[in-house]
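Novice: Contents of start.csv (CSV, C-alpha atoms):
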chain,number,residue,atom,x,y,z
A,1,ALA,CA,0.0,0.0,0.0
A,2,ALA,CA,2.8,2.4,0.9
A,3,ARG,CA,4.5,1.6,-2.5
A,4,LYS,CA,1.3,2.3,-4.4
A,5,TYR,CA,0.9,5.6,-2.5
A,6,ARG,CA,4.5,6.7,-3.4
A,7,VAL,CA,3.9,5.8,-7.1
A,8,ALA,CA,0.6,7.7,-7.1
A,9,VAL,CA,2.3,10.8,-5.5
A,10,ALA,CA,5.1,10.6,-8.1
A,11,GLN,CA,2.7,10.4,-10.9
A,12,ARG,CA,0.7,13.3,-9.6
A,13,ARG,CA,3.9,15.4,-9.2
A,14,THR,CA,5.0,14.5,-12.7
A,15,SER,CA,1.6,15.2,-14.3
A,16,SER,CA,1.9,18.8,-13.1
A,17,LEU,CA,5.1,19.2,-15.1
A,18,VAL,CA,4.5,16.9,-18.0
A,19,SER,CA,2.8,18.2,-21.2
A,20,ARG,CA,2.6,16.2,-24.3
A,21,PRO,CA,0.8,18.0,-27.1
A,22,ALA,CA,0.8,16.6,-30.5
A,23,MET,CA,4.0,17.2,-32.4
A,24,SER,CA,4.0,18.8,-35.8
A,25,GLY,CA,6.5,20.4,-38.1
A,26,SER,CA,5.8,23.8,-36.6
A,27,ASP,CA,7.2,22.6,-33.2
A,28,ILE,CA,10.7,22.7,-34.6
A,29,PRO,CA,12.2,26.1,-33.8
A,30,GLU,CA,14.0,28.1,-36.4
A,31,LYS,CA,16.4,29.8,-34.0
A,32,VAL,CA,17.7,29.2,-30.5
A,33,VAL,CA,19.1,32.2,-28.5
A,34,VAL,CA,21.4,31.3,-25.6
A,35,HIS,CA,21.8,33.9,-22.9
A,36,PRO,CA,25.0,34.6,-21.0
A,37,LEU,CA,23.7,33.2,-17.6
A,38,VAL,CA,23.3,29.8,-19.2
A,39,LEU,CA,26.9,29.8,-20.3
A,40,LEU,CA,28.2,30.9,-16.9
A,41,SER,CA,26.1,28.2,-15.1
A,42,ALA,CA,27.3,25.4,-17.4
A,43,VAL,CA,31.0,26.4,-17.0
A,44,ASP,CA,30.5,26.6,-13.2
A,45,HIS,CA,28.8,23.2,-13.2
A,46,PHE,CA,31.7,21.7,-15.2
A,47,THR,CA,34.3,23.3,-13.0
A,48,ARG,CA,32.7,22.0,-9.8
A,49,VAL,CA,32.6,18.4,-11.0
A,50,GLN,CA,36.4,18.5,-11.5
A,51,LYS,CA,36.7,15.1,-13.2
A,52,LYS,CA,38.5,14.6,-16.5
A,53,ASN,CA,36.8,13.2,-19.6
A,54,LYS,CA,33.4,13.5,-17.9
A,55,ARG,CA,30.6,15.6,-19.3
A,56,VAL,CA,27.9,17.2,-17.2
A,57,VAL,CA,24.1,17.5,-17.9
A,58,GLY,CA,21.6,20.1,-16.8
A,59,ILE,CA,18.1,21.5,-17.6
A,60,LEU,CA,17.4,24.5,-19.7
A,61,LEU,CA,14.7,27.0,-18.7
A,62,GLY,CA,13.3,29.7,-20.9
A,63,SER,CA,10.4,30.7,-23.1
A,64,ARG,CA,9.3,30.3,-26.7
A,65,SER,CA,7.8,33.0,-28.9
A,66,GLY,CA,6.8,31.8,-32.3
A,67,ASN,CA,9.7,29.9,-33.9
A,68,GLN,CA,12.3,31.4,-31.6
A,69,VAL,CA,13.4,29.8,-28.3
A,70,ASP,CA,15.1,31.9,-25.7
A,71,ILE,CA,17.2,30.0,-23.1
A,72,LEU,CA,17.3,32.3,-20.1
A,73,ASN,CA,18.4,30.1,-17.2
A,74,SER,CA,19.6,26.6,-16.3
A,75,TYR,CA,20.5,24.4,-13.4
A,76,ALA,CA,22.6,21.3,-12.9
A,77,VAL,CA,21.2,17.8,-12.6
A,78,PRO,CA,23.1,14.8,-11.1
A,79,PHE,CA,24.2,12.6,-14.0
A,80,GLU,CA,26.4,9.5,-14.3
A,81,GLU,CA,27.2,7.3,-17.3
A,82,ASP,CA,29.4,4.2,-17.9
A,83,LYS,CA,32.4,4.8,-20.0
A,84,LYS,CA,32.5,1.3,-21.3
A,85,ASN,CA,28.8,1.0,-22.1
A,86,PRO,CA,27.3,4.3,-23.3
A,87,HIS,CA,23.7,3.0,-22.9
A,88,ILE,CA,24.1,2.7,-19.1
A,89,TRP,CA,23.4,6.1,-17.6
A,90,PHE,CA,21.6,7.7,-14.7
A,91,LEU,CA,19.7,11.0,-14.6
A,92,ASP,CA,18.1,12.1,-11.3
A,93,HIS,CA,14.7,13.2,-12.5
A,94,ASN,CA,13.4,13.5,-8.9
A,95,TYR,CA,16.1,16.1,-8.3
A,96,HIS,CA,15.1,17.9,-11.5
A,97,GLU,CA,11.4,18.0,-10.4
A,98,ASN,CA,12.3,19.4,-7.0
A,99,MET,CA,14.5,22.1,-8.5
A,100,PHE,CA,12.0,23.1,-11.1
A,101,SER,CA,9.3,23.4,-8.5
A,102,MET,CA,11.5,25.9,-6.6
A,103,PHE,CA,12.5,27.8,-9.8
A,104,LYS,CA,8.8,28.0,-10.7
A,105,LYS,CA,8.1,29.8,-7.4
A,106,VAL,CA,10.7,32.4,-8.3
A,107,ASN,CA,9.8,32.9,-11.9
A,108,ALA,CA,6.7,31.2,-13.3
A,109,ARG,CA,7.4,32.4,-16.9
A,110,GLU,CA,10.4,30.2,-17.2
A,111,LYS,CA,9.5,26.7,-18.3
A,112,VAL,CA,11.5,23.6,-19.2
A,113,ILE,CA,12.5,23.9,-22.8
A,114,GLY,CA,15.3,21.3,-23.0
A,115,TRP,CA,18.6,20.2,-21.6
A,116,TYR,CA,22.3,20.8,-22.1
A,117,SER,CA,25.4,18.8,-22.1
A,118,THR,CA,29.1,19.7,-22.3
A,119,GLY,CA,29.6,17.1,-25.0
A,120,PRO,CA,31.6,18.3,-26.9
A,121,LYS,CA,29.8,15.9,-29.4
A,122,ILE,CA,26.6,14.0,-29.6
A,123,ARG,CA,26.8,10.6,-27.8
A,124,PRO,CA,24.7,7.4,-28.3
A,125,ALA,CA,22.8,7.9,-25.0
A,126,ASP,CA,21.6,11.4,-25.9
A,127,ILE,CA,18.5,10.2,-27.7
A,128,GLU,CA,17.5,8.2,-24.7
A,129,ILE,CA,18.1,11.1,-22.4
A,130,ASN,CA,16.1,13.3,-24.7
A,131,GLU,CA,13.2,10.9,-24.4
A,132,VAL,CA,13.3,11.4,-20.6
A,133,ILE,CA,13.2,15.2,-21.0
A,134,ARG,CA,10.2,14.8,-23.4
A,135,ARG,CA,8.2,13.9,-20.3
A,136,TYR,CA,8.4,17.6,-19.3
A,137,THR,CA,8.2,19.3,-22.6
A,138,SER,CA,6.8,18.3,-26.0
A,139,GLN,CA,9.8,19.3,-28.1
A,140,PRO,CA,13.0,19.6,-26.0
A,141,VAL,CA,16.0,21.5,-27.3
A,142,PHE,CA,19.3,19.8,-26.8
A,143,CYS,CA,22.1,22.3,-26.5
A,144,ILE,CA,25.8,21.3,-26.5
A,145,ILE,CA,27.9,23.9,-24.6
A,146,ASP,CA,31.6,23.6,-25.3
A,147,VAL,CA,33.3,24.7,-22.0
A,148,ASP,CA,36.8,24.5,-23.7
A,149,PRO,CA,36.4,25.8,-27.2
A,150,LYS,CA,39.4,25.3,-29.5
A,151,ASP,CA,38.2,27.9,-32.1
A,152,ASP,CA,37.7,31.4,-30.9
A,153,LEU,CA,35.9,32.3,-34.1
A,154,GLU,CA,32.9,30.0,-33.4
A,155,ILE,CA,30.3,30.4,-30.7
A,156,PRO,CA,30.5,27.6,-28.1
A,157,THR,CA,26.9,26.4,-28.5
A,158,GLN,CA,25.2,23.9,-30.8
A,159,ALA,CA,21.5,23.4,-30.7
A,160,TYR,CA,19.6,20.2,-31.8
A,161,VAL,CA,16.0,19.0,-31.9
A,162,ALA,CA,15.0,15.3,-32.2
A,163,VAL,CA,12.6,14.6,-35.1
A,164,PRO,CA,11.1,11.2,-36.0
A,165,ASP,CA,12.8,9.3,-38.8
A,166,ILE,CA,10.4,6.8,-40.3
A,167,SER,CA,12.1,3.8,-42.0
A,168,ASP,CA,10.8,0.6,-43.5
A,169,THR,CA,11.3,-1.4,-40.3
A,170,LYS,CA,10.9,1.0,-37.4
A,171,THR,CA,10.5,4.6,-36.4
A,172,GLN,CA,13.3,6.3,-34.5
A,173,ARG,CA,14.4,9.8,-33.6
A,174,ASN,CA,17.4,11.6,-34.9
A,175,PHE,CA,18.9,15.0,-34.0
A,176,VAL,CA,18.5,17.8,-36.4
A,177,HIS,CA,20.7,20.9,-36.2
A,178,VAL,CA,19.0,24.2,-35.3
A,179,PRO,CA,20.7,27.6,-35.8
A,180,SER,CA,21.8,29.1,-32.5
A,181,GLU,CA,23.2,32.4,-31.4
A,182,ILE,CA,24.3,34.3,-28.2
A,183,GLY,CA,21.9,37.0,-27.1
A,184,ALA,CA,21.4,39.1,-24.0
A,185,LEU,CA,18.8,41.4,-22.5
A,186,GLU,CA,19.8,44.9,-21.4
A,187,ALA,CA,20.3,44.0,-17.8
A,188,GLU,CA,22.4,41.0,-18.8
A,189,GLU,CA,24.6,43.2,-21.1
A,190,VAL,CA,25.3,45.4,-18.1
A,191,GLY,CA,26.3,42.4,-16.0
A,192,VAL,CA,28.6,41.1,-18.7
A,193,GLU,CA,30.3,44.4,-19.1
A,194,HIS,CA,31.1,44.5,-15.4
A,195,LEU,CA,32.6,41.0,-15.7
A,196,LEU,CA,34.7,41.9,-18.7
A,197,ARG,CA,36.2,44.9,-16.8
A,198,ASP,CA,38.2,42.4,-14.7
A,199,ILE,CA,39.4,40.6,-17.9
A,200,ARG,CA,40.2,43.4,-20.2
A,201,ASP,CA,43.5,45.2,-20.1
A,202,THR,CA,42.8,48.8,-19.2
A,203,THR,CA,46.2,49.9,-20.6
A,204,VAL,CA,45.1,48.9,-24.2
A,205,SER,CA,43.4,51.8,-26.0
A,206,THR,CA,39.9,51.6,-27.6
A,207,LEU,CA,41.5,51.8,-31.1
A,208,SER,CA,43.4,48.6,-30.6
A,209,ASP,CA,40.2,46.9,-29.4
A,210,HIS,CA,38.5,47.9,-32.6
A,211,VAL,CA,41.5,46.7,-34.7
A,212,ASP,CA,41.4,43.3,-32.9
A,213,GLN,CA,37.7,43.0,-33.6
A,214,LYS,CA,38.2,43.8,-37.2
A,215,VAL,CA,40.9,41.2,-37.5
A,216,ALA,CA,38.8,38.6,-35.8
A,217,SER,CA,35.9,39.4,-38.2
A,218,LEU,CA,38.2,39.1,-41.2
A,219,LYS,CA,39.5,35.7,-40.0
A,220,GLY,CA,35.9,34.5,-39.5
A,221,LEU,CA,35.0,35.7,-43.0
A,222,LYS,CA,38.0,33.9,-44.5
A,223,LYS,CA,37.2,30.7,-42.7
A,224,ARG,CA,33.7,30.7,-44.0
A,225,MET,CA,34.8,31.5,-47.6
A,226,ASP,CA,37.2,28.6,-47.4
A,227,THR,CA,34.4,26.3,-46.3
A,228,MET,CA,32.2,27.5,-49.3
A,229,ALA,CA,35.2,27.0,-51.7
A,230,THR,CA,35.8,23.5,-50.3
A,231,TYR,CA,32.1,22.6,-50.7
A,232,LEU,CA,31.9,23.9,-54.3
A,233,LYS,CA,35.1,22.0,-55.2
A,234,LYS,CA,33.7,18.7,-53.8
A,235,VAL,CA,30.4,19.2,-55.7
A,236,ALA,CA,32.3,19.9,-58.9
A,237,ASP,CA,34.4,16.8,-58.4
A,238,GLY,CA,31.4,14.7,-57.7
A,239,GLU,CA,32.3,13.9,-54.1
A,240,LEU,CA,29.1,15.6,-52.8
A,241,PRO,CA,25.6,15.8,-54.3
A,242,LEU,CA,24.3,19.1,-55.6
A,243,ASN,CA,22.0,20.9,-53.1
A,244,HIS,CA,20.1,23.6,-54.9
A,245,GLN,CA,19.2,25.5,-51.7
A,246,ILE,CA,22.8,25.9,-50.7
A,247,ILE,CA,23.7,27.0,-54.3
A,248,TYR,CA,20.9,29.6,-54.1
A,249,ASN,CA,22.2,30.9,-50.8
A,250,LEU,CA,25.7,31.2,-52.1
A,251,GLN,CA,24.4,33.1,-55.2
A,252,ASP,CA,22.6,35.5,-52.9
A,253,ILE,CA,25.8,36.1,-50.9
A,254,PHE,CA,27.8,36.8,-54.0
A,255,ASN,CA,25.1,39.1,-55.4
A,256,LEU,CA,25.2,41.2,-52.1
A,257,CYS,CA,29.0,41.7,-52.4
A,258,PRO,CA,29.8,45.2,-53.6
A,259,ASN,CA,31.6,45.7,-56.9
A,260,LEU,CA,35.0,47.2,-55.9
A,261,GLN,CA,36.1,47.7,-59.5
A,262,VAL,CA,34.1,50.9,-59.9
A,263,LYS,CA,36.5,53.9,-60.2
A,264,GLU,CA,34.2,56.3,-58.2
A,265,LEU,CA,33.9,53.8,-55.4
A,266,VAL,CA,37.6,53.2,-55.2
A,267,THR,CA,38.2,56.9,-55.1
A,268,ALA,CA,35.6,57.5,-52.4
A,269,LEU,CA,37.1,54.7,-50.2
A,270,LYS,CA,40.6,56.2,-50.6
A,271,ILE,CA,39.4,59.7,-49.6
A,272,ASN,CA,37.5,58.3,-46.6
A,273,THR,CA,40.5,56.2,-45.5
A,274,ASN,CA,42.8,59.2,-45.9
A,275,ASP,CA,40.5,61.4,-43.8
A,276,ASN,CA,40.3,58.8,-41.0
A,277,MET,CA,44.1,58.4,-41.1
A,278,LEU,CA,44.6,62.2,-40.9
A,279,VAL,CA,42.4,62.4,-37.8
A,280,ILE,CA,44.4,59.5,-36.2
A,281,TYR,CA,47.7,61.2,-37.2
A,282,VAL,CA,46.7,64.6,-35.7
A,283,SER,CA,45.4,62.9,-32.6
A,284,SER,CA,48.7,61.0,-32.1
A,285,LEU,CA,50.7,64.3,-32.6
A,286,ILE,CA,48.5,66.1,-30.0
A,287,ARG,CA,48.9,63.2,-27.6
A,288,SER,CA,52.6,63.2,-28.0
A,289,ILE,CA,52.9,67.0,-27.5
A,290,ILE,CA,50.8,66.9,-24.4
A,291,ALA,CA,52.9,64.1,-23.0
A,292,LEU,CA,56.1,66.0,-23.7
A,293,HIS,CA,54.6,69.2,-22.2
A,294,ASN,CA,53.7,67.3,-19.0
A,295,LEU,CA,57.2,65.8,-18.9
A,296,ILE,CA,58.8,69.2,-19.1
A,297,ASN,CA,56.5,70.6,-16.4
A,298,ASN,CA,57.3,67.7,-14.2
A,299,LYS,CA,61.1,68.3,-14.6
A,300,LEU,CA,60.8,72.0,-13.8
A,301,LYS,CA,58.6,71.2,-10.8
A,302,ASN,CA,61.1,68.7,-9.4
A,303,LYS,CA,64.0,71.1,-10.0
A,304,ALA,CA,62.2,73.8,-8.1
A,305,LEU,CA,61.5,71.5,-5.2
A,306,GLU,CA,65.2,70.3,-5.1
A,307,LYS,CA,66.4,74.0,-5.1
A,308,ALA,CA,64.0,74.9,-2.3
A,309,LYS,CA,65.2,71.9,-0.3
A,310,LYS,CA,68.8,72.9,-0.7
A,311,ASP,CA,68.1,76.5,0.4
A,312,SER,CA,66.3,75.3,3.5
A,313,GLU,CA,69.3,73.1,4.4
A,314,LYS,CA,71.7,76.0,3.9
A,315,LYS,CA,69.6,78.2,6.2
A,316,LYS,CA,69.6,75.5,8.9
A,317,GLU,CA,73.4,75.2,8.7
A,318,ALA,CA,73.8,79.0,8.9
A,319,LYS,CA,71.7,79.0,12.1
A,320,LYS,CA,73.8,76.3,13.6
A,321,LYS,CA,77.2,78.1,13.1
A,322,PRO,CA,76.7,81.1,15.4
A,323,ASP,CA,75.3,78.8,18.1
A,324,ASP,CA,78.5,76.7,17.9
A,325,SER,CA,80.8,79.8,18.3
A,326,LYS,CA,78.9,81.0,21.4
A,327,THR,CA,79.2,77.6,23.0
A,328,SER,CA,82.9,77.5,22.3
A,329,GLU,CA,83.4,81.0,23.9
A,330,LYS,CA,81.5,79.9,27.0
A,331,ASP,CA,83.7,76.7,27.3
A,332,GLY,CA,86.9,78.9,27.0
A,333,LYS,CA,85.7,81.2,29.8
A,334,LYS,CA,85.0,78.2,32.0
A,335,ASP,CA,88.5,76.8,31.4
A,336,GLU,CA,90.1,80.2,32.4
A,337,LYS,CA,88.0,80.3,35.6
A,338,ALA,CA,89.0,76.8,36.5
A,339,ALA,CA,92.7,77.6,36.0
A,340,ALA,CA,92.5,80.8,38.1
A,341,SER,CA,90.8,78.8,41.0
A,342,GLU,CA,93.6,76.2,40.9
A,343,LYS,CA,96.3,78.9,41.2
A,344,SER,CA,94.6,80.5,44.2
A,345,ASP,CA,94.3,77.2,45.9
A,346,LYS,CA,98.0,76.6,45.5
Mind turning this structure into C-alpha cells?
Specialist:
Amino acid sequence: AARKYRVAVAQRRTSSLVSRPAMSGSDIPEKVVVHPLVLLSAVDHFTRVQKKNKRVVGILLGSRSGNQVDILNSYAVPFEEDKKNPHIWFLDHNYHENMFSMFKKVNAREKVIGWYSTGPKIRPADIEINEVIRRYTSQPVFCIIDVDPKDDLEIPTQAYVAVPDISDTKTQRNFVHVPSEIGALEAEEVGVEHLLRDIRDTTVSTLSDHVDQKVASLKGLKKRMDTMATYLKKVADGELPLNHQIIYNLQDIFNLCPNLQVKELVTALKINTNDNMLVIYVSSLIRSIIALHNLINNKLKNKALEKAKKDSEKKKEAKKKPDDSKTSEKDGKKDEKAAASEKSDK
C-alpha cells in the first residue's frame, strides 16, 4: 500500500510538469538564443565536478515565442554514465522535479524547454536522455555547450532537436541541427560588461580593441569562404551531391557583395581612408605634444623642489654656526676660571 501511495504521488507530481501536445512540423524552432547566464552556469557546473573526460548535464529554462526559443536560465542535474557501455546512464529526474518546482516559485514564466550537455559531441545515449526530457516538454531543445572551445571564431553552443525518422522497419528519432546564437537582455549586457572589466587590459586603447575585432571578423570571413570553396570544389568533383538550396544561398551572398572595381567607389574609399588616417595622425601628434609638455613641467617642478630643499638646508646650517661659536666662547671662559681657581688654591 505504501509503495502504491508513493507511485501515485510521483505520478501526480509528474503530471503537473509533463505536457505532451501533438507534435507537428511547426514545433521545430527556427532559431535558439542562448543567454550569458546559461553559459556561466554550465561552466561553473563543469568546474565544480572536476573530473577529467566527464561531461555534465543540466536542464534549460526559458520561453518560446513563435519559432524562436530563448534559453534564459539553467540548473545542474546529477548525472552518471558508464564509459564502457554508453547505454548505461543515470539521470536524477526527482532532483530535477524538486529544482523546477523551486524555480517556478521564483519565476513562473520560465519553463522547461530542453537540456544541455558539455559534450563536446553527440553521444549514443543522448537520444534516450532526450526521451526522458520529453516527459516535461513536447519538443525539448538539446544544446551542447563547449566549455573548452578550440576555435575562438565560433560560438561555443550547438542546438539540436529530435525529429522522428520513419524507415521501413521502425520509427526512431534523430537529432537535427538548429541555428543558435548568443543573445542578451539589457540587464544581462550590463552584468557582462562588469565581468569583462576584470578581464580586459585597461592599458590597451579603444582603437586597438576595434582593430582586434576587425581582424577577428576578417578571420571568420576567410574561414567561411574557405568552407564554401571546399564545398563547391567537392560538388564539382562529384564527391558531394548538388544541393540547390545551398547554391541559391551562395548566389545571394555573392550578389550582395559590392563591386569594388568601380572607379568612383575606389576613389571614395581612398578619400574616406585618408580622412580617417589624418584624424588619427593629428590625434597622435596632440597626444605626444601633451605628454612632452607634462614631462617638461614635471622636470621643472622637481627642479624647483630640489632647489627649495637645498636652500632650507643651507639656512639651517647657517643658524647652527653662530650657536656653535657661542658655546665655544663659554667653554673657554669656563676653562680660564678653572685655571684661576687652581692657582689661588696653591
Novice: Using all atoms listed in the file, pick whichever of A:Thr137, A:Gly62, A:Val176, A:Pro36 has the shortest atom-to-atom distance to Ala108 of chain A.
Specialist: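 Going through A:Thr137, A:Gly62, A:Val176, A:Pro36 one by one, the smallest distance to Ala108 of chain A is for A:Gly62.
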Novice: Arg224 of chain A: which residues within 12 Å, counting only C-alpha atoms, same-chain residues fewer than 5 positions away excluded, as JSON, numbers by chain?
Specialist: {"A": [153, 154, 217, 218, 219, 229, 230, 231, 250, 253]}
Novice: Atom CA of Asp126 of chain A and atom CA of Phe46 of chain A are how many Å apart?
Specialist: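 Computed distance, atom CA of Asp126 of chain A to atom CA of Phe46 of chain A, equals 18.0 Å.
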Novice: So, counting all atoms listed in the file, which residue among A:Leu232, A:Ile28, A:Asn294, A:Asn274 is closest to Phe175 of chain A?
Specialist: A:Ile28
Novice: How far is it from atom CA of Lys54 of chain A to atom CA of Asp151 of chain A, in Å with one decimal?
Specialist: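 For atom CA of Lys54 of chain A relative to atom CA of Asp151 of chain A, the distance reads 20.8 Å.
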Novice: What is the atom CA of Val161 of chain A to atom CA of Asp252 of chain A distance in Å?
Specialist: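 For atom CA of Val161 of chain A relative to atom CA of Asp252 of chain A, the distance reads 27.5 Å.
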Novice: Considering only C-alpha atoms, return as a list in words whatever protein or nucleic-acid residues lie within 6 Å of segment 37-44 of chain A, sequence-local ones (same chain, fewer than 3 positions apart) excluded.
Specialist: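 Contacts, in chain order: Thr47, Asn73, Ser74 and Val147 of chain A.
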Novice: Determine the nearest neighbour of Ala76 of chain A from the options A:Ile166, A:Ile247, A:Met99, A:Ile88, counting all atoms listed in the file.
Specialist: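 Of A:Ile166, A:Ile247, A:Met99, A:Ile88, the one nearest Ala76 of chain A, counting all atoms listed in the file, is A:Met99.
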Novice: Tell me which protein, DNA and RNA residues are within 10 Å of Asn67 of chain A, counting all atoms listed in the file, leaving out same-chain ones fewer than 6 positions away, and put them as an MDAnalysis selection string.
Specialist: chainID A and resid 26:32
Novice: For segment 99-114 of chain A, what centre and edge lengths in Å (one decimal) does the axis-aligned box get once 8 Å is added on each side of all its listed atoms, as AutoDock Vina command-line options?
Specialist:
--center_x 11.0 --center_y 27.1 --center_z -14.8 --size_x 24.6 --size_y 27.6 --size_z 32.4
Novice: Quick one: residues within 10 Å of Gly119 of chain A, only C-alpha atoms counted, chain neighbours fewer than 5 positions away excluded, as a PyMOL selection string?
Specialist: chain A and resi 53-57+126+143-147+158
Novice: Rank A:Gln251, A:Thr206, A:Ser283, A:Asn174 by their smallest atom-to-atom distance to Met228 of chain A, using all atoms listed in the file, and report the top residue only.
Specialist: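 When distances to Met228 of chain A are compared using all atoms listed in the file, the smallest one comes from A:Gln251.
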Novice: What lies within 9 Å of Asn130 of chain A using all atoms listed in the file, ignoring chain neighbours under 4 positions off, as JSON, numbers by chain?
Specialist: {"A": [114, 115, 125, 126, 134, 140, 141, 142, 162]}
